[in-house]
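The data block below is entry-v1.pdb; it holds PDB, C-alpha atoms.
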ATOM      1  CA  LYS A   3      66.582 102.231  94.042
ATOM      2  CA  ALA A   4      67.245  98.610  94.782
ATOM      3  CA  GLY A   5      70.772  97.845  95.890
ATOM      4  CA  VAL A   6      73.260  95.361  94.534
ATOM      5  CA  THR A   7      71.974  91.815  94.779
ATOM      6  CA  GLN A   8      73.984  88.623  94.822
ATOM      7  CA  THR A   9      72.849  85.039  94.461
ATOM      8  CA  PRO A  10      73.127  82.617  96.028
ATOM      9  CA  ARG A  11      73.890  83.954  99.473
ATOM     10  CA  TYR A  12      75.395  80.721 100.739
ATOM     11  CA  LEU A  13      76.938  77.826  98.906
ATOM     12  CA  ILE A  14      78.679  74.597  99.871
ATOM     13  CA  LYS A  15      80.814  72.791  97.306
ATOM     14  CA  THR A  16      83.444  70.074  97.354
ATOM     15  CA  ARG A  17      86.995  70.237  96.058
ATOM     16  CA  GLY A  18      87.290  69.909  92.302
ATOM     17  CA  GLN A  19      83.808  71.212  91.579
ATOM     18  CA  GLN A  20      83.096  74.500  89.892
ATOM     19  CA  VAL A  21      80.795  77.291  90.988
ATOM     20  CA  THR A  22      79.045  80.251  89.378
ATOM     21  CA  LEU A  23      78.036  83.307  91.366
ATOM     22  CA  SER A  24      75.708  86.005  90.135
ATOM     23  CA  CYS A  25      75.568  89.744  90.707
ATOM     24  CA  SER A  26      72.882  92.217  89.682
ATOM     25  CA  PRO A  27      74.112  95.819  89.871
ATOM     26  CA  ILE A  28      72.160  98.896  90.846
ATOM     27  CA  SER A  29      69.944  99.974  87.968
ATOM     28  CA  GLY A  30      71.897 102.179  85.586
ATOM     29  CA  HIS A  31      75.310 101.078  86.816
ATOM     30  CA  ARG A  32      77.523  99.652  84.087
ATOM     31  CA  SER A  33      80.619  98.777  86.102
ATOM     32  CA  VAL A  34      80.755  95.641  88.216
ATOM     33  CA  SER A  35      83.737  94.663  90.343
ATOM     34  CA  TRP A  36      84.327  91.419  92.204
ATOM     35  CA  TYR A  37      86.264  90.900  95.414
ATOM     36  CA  GLN A  38      87.253  87.945  97.536
ATOM     37  CA  GLN A  39      87.406  88.276 101.314
ATOM     38  CA  THR A  40      89.179  85.759 103.525
ATOM     39  CA  PRO A  41      90.330  86.053 107.149
ATOM     40  CA  GLY A  42      93.958  85.714 106.108
ATOM     41  CA  GLN A  43      94.120  87.949 103.039
ATOM     42  CA  GLY A  44      91.359  90.436 103.700
ATOM     43  CA  LEU A  45      89.461  92.019 100.823
ATOM     44  CA  GLN A  46      91.168  91.449  97.491
ATOM     45  CA  PHE A  47      90.166  92.687  94.055
ATOM     46  CA  LEU A  48      89.379  89.979  91.508
ATOM     47  CA  PHE A  49      88.297  91.811  88.357
ATOM     48  CA  GLU A  50      86.104  94.562  86.954
ATOM     49  CA  TYR A  51      83.752  94.610  84.002
ATOM     50  CA  PHE A  52      82.366  97.611  82.165
ATOM     51  CA  SER A  53      80.047  97.332  79.205
ATOM     52  CA  GLU A  54      80.729  93.598  78.907
ATOM     53  CA  THR A  55      84.516  94.092  78.797
ATOM     54  CA  GLN A  56      86.986  93.121  81.465
ATOM     55  CA  ARG A  57      89.005  96.245  82.141
ATOM     56  CA  ASN A  58      91.013  95.228  85.162
ATOM     57  CA  LYS A  59      92.131  92.034  86.796
ATOM     58  CA  GLY A  60      93.661  91.234  90.152
ATOM     59  CA  ASN A  61      96.330  88.700  90.950
ATOM     60  CA  PHE A  62      94.288  85.517  90.932
ATOM     61  CA  PRO A  63      94.802  82.266  89.002
ATOM     62  CA  GLY A  64      92.993  81.588  85.768
ATOM     63  CA  ARG A  65      90.513  79.373  87.610
ATOM     64  CA  PHE A  66      88.744  82.589  88.495
ATOM     65  CA  SER A  67      86.850  84.082  85.586
ATOM     66  CA  GLY A  68      83.903  86.299  84.984
ATOM     67  CA  ARG A  69      81.659  87.850  82.425
ATOM     68  CA  GLN A  70      79.153  90.620  82.091
ATOM     69  CA  PHE A  71      75.959  90.620  80.129
ATOM     70  CA  SER A  72      74.363  93.379  78.082
ATOM     71  CA  ASN A  73      72.057  94.252  80.984
ATOM     72  CA  SER A  74      75.178  94.751  83.179
ATOM     73  CA  ARG A  75      74.480  91.684  85.286
ATOM     74  CA  SER A  76      77.683  89.797  85.985
ATOM     75  CA  GLU A  77      78.726  86.295  86.860
ATOM     76  CA  MET A  78      81.953  84.944  88.212
ATOM     77  CA  ASN A  79      83.054  81.371  87.910
ATOM     78  CA  VAL A  80      85.589  79.420  89.880
ATOM     79  CA  SER A  81      86.661  76.107  88.390
ATOM     80  CA  THR A  82      88.401  73.203  90.113
ATOM     81  CA  LEU A  83      87.616  74.475  93.561
ATOM     82  CA  GLU A  84      90.261  74.299  96.275
ATOM     83  CA  LEU A  85      89.803  74.476 100.024
ATOM     84  CA  GLY A  86      91.430  77.912  99.996
ATOM     85  CA  ASP A  87      88.665  79.268  97.800
ATOM     86  CA  SER A  88      86.361  79.281 100.808
ATOM     87  CA  ALA A  89      85.575  82.952 101.216
ATOM     88  CA  LEU A  90      83.027  85.709 101.067
ATOM     89  CA  TYR A  91      82.689  86.847  97.446
ATOM     90  CA  LEU A  92      81.520  90.404  97.040
ATOM     91  CA  CYS A  93      80.469  92.344  94.039
ATOM     92  CA  ALA A  94      80.157  96.083  93.757
ATOM     93  CA  SER A  95      78.668  98.334  91.113
ATOM     94  CA  SER A  96      79.300 101.921  90.155
ATOM     95  CA  SER A  97      78.109 104.505  87.677
ATOM     96  CA  TYR A  98      80.819 106.295  85.784
ATOM     97  CA  ARG A  99      78.272 108.847  84.673
ATOM     98  CA  VAL A 100      78.093 110.227  88.198
ATOM     99  CA  ASP A 101      81.252 109.225  90.019
ATOM    100  CA  GLU A 102      83.034 106.025  90.704
ATOM    101  CA  THR A 103      81.672 105.291  94.139
ATOM    102  CA  GLN A 104      81.267 101.558  94.462
ATOM    103  CA  TYR A 105      78.253 100.107  96.205
ATOM    104  CA  PHE A 106      78.624  96.591  97.506
ATOM    105  CA  GLY A 107      76.211  93.714  97.614
ATOM    106  CA  PRO A 108      75.714  91.432 100.623
ATOM    107  CA  GLY A 109      78.119  88.820  99.300
ATOM    108  CA  THR A 110      78.032  85.096  98.631
ATOM    109  CA  ARG A 111      79.545  82.902 101.330
ATOM    110  CA  LEU A 112      81.271  79.933  99.669
ATOM    111  CA  LEU A 113      82.443  76.969 101.687
ATOM    112  CA  VAL A 114      84.588  74.363  99.952
ATOM    113  CA  LEU A 115      84.802  70.977 101.677
TER
ATOM    114  CA  ASP B   8      97.426 103.711  94.631
ATOM    115  CA  ALA B   9      98.505 105.535  97.792
ATOM    116  CA  LYS B  10      98.795 103.406 100.902
ATOM    117  CA  THR B  11      96.844 104.218 104.014
ATOM    118  CA  THR B  12      97.621 103.670 107.679
ATOM    119  CA  GLN B  13      94.881 103.250 110.253
ATOM    120  CA  PRO B  14      94.955 102.258 113.926
ATOM    121  CA  PRO B  15      93.936  98.602 114.274
ATOM    122  CA  SER B  16      91.266  99.287 116.860
ATOM    123  CA  MET B  17      89.424 102.064 118.677
ATOM    124  CA  ASP B  18      86.757 102.295 121.333
ATOM    125  CA  CYS B  19      84.000 104.823 121.702
ATOM    126  CA  ALA B  20      81.188 105.366 124.187
ATOM    127  CA  GLU B  21      77.667 105.329 122.845
ATOM    128  CA  GLY B  22      76.407 108.839 122.151
ATOM    129  CA  ARG B  23      79.884 110.303 121.878
ATOM    130  CA  ALA B  24      81.638 111.298 118.687
ATOM    131  CA  ALA B  25      83.912 108.697 117.110
ATOM    132  CA  ASN B  26      86.946 110.145 115.366
ATOM    133  CA  LEU B  27      88.746 107.690 113.133
ATOM    134  CA  PRO B  28      92.115 108.809 111.747
ATOM    135  CA  CYS B  29      93.781 107.791 108.501
ATOM    136  CA  ASN B  30      97.238 108.637 107.217
ATOM    137  CA  HIS B  31      97.851 108.769 103.473
ATOM    138  CA  SER B  32     101.084 110.679 103.202
ATOM    139  CA  THR B  33     101.824 109.550  99.617
ATOM    140  CA  ILE B  34      98.460 110.642  98.209
ATOM    141  CA  SER B  35      98.535 112.168  94.750
ATOM    142  CA  GLY B  36      96.768 115.357  93.795
ATOM    143  CA  ASN B  37      93.956 113.644  91.926
ATOM    144  CA  GLU B  38      93.292 110.835  94.395
ATOM    145  CA  TYR B  39      90.104 110.714  96.409
ATOM    146  CA  VAL B  40      89.780 109.548 100.012
ATOM    147  CA  TYR B  41      86.958 107.052 100.472
ATOM    148  CA  TRP B  42      85.585 105.579 103.676
ATOM    149  CA  TYR B  43      83.677 102.319 103.881
ATOM    150  CA  ARG B  44      82.614 100.223 106.836
ATOM    151  CA  GLN B  45      81.861  96.562 107.139
ATOM    152  CA  ILE B  46      79.641  95.099 109.793
ATOM    153  CA  HIS B  47      80.421  91.485 110.518
ATOM    154  CA  SER B  48      80.051  89.284 107.430
ATOM    155  CA  GLN B  49      78.097  91.890 105.474
ATOM    156  CA  GLY B  50      79.181  93.711 102.340
ATOM    157  CA  PRO B  51      81.134  96.948 102.849
ATOM    158  CA  GLN B  52      78.936 100.008 103.152
ATOM    159  CA  TYR B  53      79.927 103.273 101.520
ATOM    160  CA  ILE B  54      80.107 106.146 104.009
ATOM    161  CA  ILE B  55      81.642 109.221 102.431
ATOM    162  CA  HIS B  56      84.408 110.429 100.135
ATOM    163  CA  GLY B  57      86.277 113.636  99.401
ATOM    164  CA  LEU B  58      89.106 115.190  97.415
ATOM    165  CA  LYS B  59      90.247 118.363  99.154
ATOM    166  CA  ASN B  60      87.342 119.922 100.998
ATOM    167  CA  ASN B  61      85.671 118.666 104.124
ATOM    168  CA  GLU B  62      82.514 116.728 103.412
ATOM    169  CA  THR B  63      79.408 115.919 105.433
ATOM    170  CA  ASN B  64      76.453 113.664 104.791
ATOM    171  CA  GLU B  65      73.759 112.053 106.864
ATOM    172  CA  MET B  66      76.132 109.397 108.133
ATOM    173  CA  ALA B  67      79.379 111.163 108.871
ATOM    174  CA  SER B  68      81.809 113.998 108.300
ATOM    175  CA  LEU B  69      85.161 113.764 106.574
ATOM    176  CA  ILE B  70      87.915 116.166 107.519
ATOM    177  CA  ILE B  71      90.928 116.264 105.176
ATOM    178  CA  THR B  72      94.026 118.185 106.231
ATOM    179  CA  GLU B  73      95.204 121.005 104.038
ATOM    180  CA  ASP B  74      98.244 119.051 102.841
ATOM    181  CA  ARG B  75      95.905 116.059 102.202
ATOM    182  CA  LYS B  76      98.285 113.698 103.954
ATOM    183  CA  SER B  77      95.737 112.621 106.523
ATOM    184  CA  SER B  78      92.012 112.599 107.161
ATOM    185  CA  THR B  79      89.535 111.925 109.962
ATOM    186  CA  LEU B  80      86.149 110.303 109.715
ATOM    187  CA  ILE B  81      83.754 111.616 112.330
ATOM    188  CA  LEU B  82      80.635 109.779 113.448
ATOM    189  CA  PRO B  83      78.972 112.539 115.466
ATOM    190  CA  HIS B  84      76.849 110.437 117.818
ATOM    191  CA  ALA B  85      78.030 106.836 117.775
ATOM    192  CA  THR B  86      75.514 104.079 118.426
ATOM    193  CA  LEU B  87      76.018 100.372 119.080
ATOM    194  CA  ARG B  88      75.122  99.738 115.431
ATOM    195  CA  ASP B  89      78.223 101.693 114.372
ATOM    196  CA  THR B  90      80.439  98.881 115.676
ATOM    197  CA  ALA B  91      82.232  97.735 112.531
ATOM    198  CA  VAL B  92      85.523  97.664 110.642
ATOM    199  CA  TYR B  93      86.175 101.034 109.016
ATOM    200  CA  TYR B  94      88.296 101.224 105.882
ATOM    201  CA  CYS B  95      90.039 104.314 104.568
ATOM    202  CA  ILE B  96      90.907 103.972 100.873
ATOM    203  CA  VAL B  97      92.717 106.313  98.533
ATOM    204  CA  THR B  98      92.029 105.868  94.845
ATOM    205  CA  PRO B  99      92.498 107.830  91.614
ATOM    206  CA  PRO B 100      89.421 108.673  89.545
ATOM    207  CA  ARG B 101      88.869 107.195  86.112
ATOM    208  CA  THR B 102      91.978 105.045  86.172
ATOM    209  CA  SER B 103      91.412 102.584  88.992
ATOM    210  CA  TYR B 104      88.979 100.619  86.808
ATOM    211  CA  GLY B 105      87.015  99.246  89.696
ATOM    212  CA  LYS B 106      89.932  98.347  91.905
ATOM    213  CA  LEU B 107      89.721  99.455  95.512
ATOM    214  CA  THR B 108      92.700  98.478  97.654
ATOM    215  CA  PHE B 109      91.507  97.627 101.139
ATOM    216  CA  GLY B 110      93.883  97.605 104.089
ATOM    217  CA  GLN B 111      93.189  96.037 107.456
ATOM    218  CA  GLY B 112      90.992  98.934 108.586
ATOM    219  CA  THR B 113      90.100 100.058 112.098
ATOM    220  CA  ILE B 114      87.858  97.942 114.282
ATOM    221  CA  LEU B 115      85.583 100.423 116.025
ATOM    222  CA  THR B 116      83.803  99.124 119.095
ATOM    223  CA  VAL B 117      81.040 101.287 120.515
ATOM    224  CA  HIS B 118      80.320 100.578 124.190
ATOM    225  CA  PRO B 119      77.042 101.216 126.029
TER
END
Here is a file; write its structure as structure tokens.
Amino acid sequence: KAGVTQTPRYLIKTRGQQVTLSCSPISGHRSVSWYQQTPGQGLQFLFEYFSETQRNKGNFPGRFSGRQFSNSRSEMNVSTLELGDSALYLCASSSYRVDETQYFGPGTRLLVL
Amino acid sequence: DAKTTQPPSMDCAEGRAANLPCNHSTISGNEYVYWYRQIHSQGPQYIIHGLKNNETNEMASLIITEDRKSSTLILPHATLRDTAVYYCIVTPPRTSYGKLTFGQGTILTVHP
């Protein structure tokens, strides 16, 4: 089985712009979670989607949003980028039919200038 | 979710077993212990998980104490490629809704 894929892998944006990141889960997985990783804060949970519904949300401002499509692919969007949004953004997928083990993608490295 | 405590760093000689401890003294009866590792700038890699019994797979073994307040991840024959940050996470099934709470983890350095 192919693993979790994320696109793009690297991205450079400037302050005030917005960005959309994409995540394709492992085939058959319906849950997709997003995380932000920074040197200062470590790995932090952003939100989780299951069957196109957001079921859980971390403590992030409303500039961070996401959605999930009927094929379980997910996107996250960050509007009005700030320098502090520079981070590695990770998505993970899991299958609730088996267990809840999350499998992570390689991440998208976002640099905000 | 229960909190976990891990040593910030450990060293291991190549070819020897690496034993990484984790304390989770406030774990609830239905919470699983998960281990992930992250090699520099890559996505975390799932290693193993367990509830009460010891578990073994092709990557590692997980030993959970009888009172479930601590666990040890064992890499039986560490190689240089096992150098990574190892995260011990405790999470309840069916109610975490995708949220894994990562601590600072243990930086394992495997030396030649």
Selection result of the PyMOL selection byres ((chain B) within 12 of (chain A)) on this file, as a ChimeraX atom specification
/B:38-57,92,94,96-112
Please evaluate the PyMOL selection byres ((chain A and resi 78-81) around 9) against the structure above and give the resulting residues as a list in words.
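Taken over the shown coordinates, the PyMOL selection byres ((chain A and resi 78-81) around 9) returns Gly18, Gln19, Gln20, Val21, Thr22, Leu23, Ser24, Cys25, Trp36, Gly64, Arg65, Phe66, Ser67, Gly68, Arg69, Gln70, Ser76, Glu77, Thr82, Leu83, Glu84 and Asp87 of chain A.
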Nearest-residue call for Ser72 (chain A), choices A:Arg32, A:Ser88, A:Ser97, A:Pro41, using all atoms listed in the file:
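Between A:Arg32, A:Ser88, A:Ser97, A:Pro41, the residue approaching Ser72 (chain A) most closely is A:Arg32.
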What lies within 6 Å of Val117 (chain B) using all atoms listed in the file, ignoring chain neighbours under 3 positions off, as a ChimeraX atom specification?
/B:18-21,87,90
Please give the centre and size of the box around region 84-102 of chain B (axis-aligned, containing every atom listed in the file, 8 Å added per side), with values in Å to one decimal and written as JSON.
{"center_x": 83.9, "center_y": 104.1, "center_z": 102.6, "size_x": 33.6, "size_y": 28.8, "size_z": 49.0}
Kindly indicate which residue among A:Thr9, A:Asn61, A:Arg17, A:Gly30 lies nearest to Leu113 (chain A), using only C-alpha atoms for the distances.
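The answer is A:Arg17, which sits nearest to Leu113 (chain A).
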Starting from the sparse input, extend region 98-109 of chain B to N, CA and C atoms and give the output as a short mmCIF file (atom, residue, chain, number, x, y, z; two decimals), keeping the file's coordinate frame.
data_model
loop_
_atom_site.label_atom_id
_atom_site.label_comp_id
_atom_site.auth_asym_id
_atom_site.auth_seq_id
_atom_site.Cartn_x
_atom_site.Cartn_y
_atom_site.Cartn_z
N THR B 98 92.10 106.41 96.20
CA THR B 98 92.03 105.87 94.84
C THR B 98 91.93 106.98 93.81
N PRO B 99 92.58 106.81 92.66
CA PRO B 99 92.50 107.83 91.61
C PRO B 99 91.20 107.67 90.82
N PRO B 100 90.63 108.77 90.35
CA PRO B 100 89.42 108.67 89.54
C PRO B 100 89.75 108.23 88.13
N ARG B 101 88.83 107.52 87.54
CA ARG B 101 88.87 107.20 86.11
C ARG B 101 89.97 106.23 85.71
N THR B 102 90.89 105.94 86.58
CA THR B 102 91.98 105.04 86.17
C THR B 102 92.11 103.83 87.07
N SER B 103 91.32 103.75 88.12
CA SER B 103 91.41 102.58 88.99
C SER B 103 90.65 101.40 88.41
N TYR B 104 89.73 101.68 87.48
CA TYR B 104 88.98 100.62 86.81
C TYR B 104 88.45 99.59 87.80
N GLY B 105 87.71 100.12 88.78
CA GLY B 105 87.02 99.25 89.70
C GLY B 105 87.82 98.70 90.85
N LYS B 106 89.11 98.95 90.86
CA LYS B 106 89.93 98.35 91.90
C LYS B 106 90.05 99.26 93.11
N LEU B 107 89.51 98.81 94.23
CA LEU B 107 89.72 99.46 95.51
C LEU B 107 90.70 98.59 96.30
N THR B 108 91.72 99.22 96.86
CA THR B 108 92.70 98.48 97.65
C THR B 108 92.37 98.67 99.13
N PHE B 109 91.89 97.59 99.73
CA PHE B 109 91.51 97.63 101.14
C PHE B 109 92.70 97.23 102.01
#
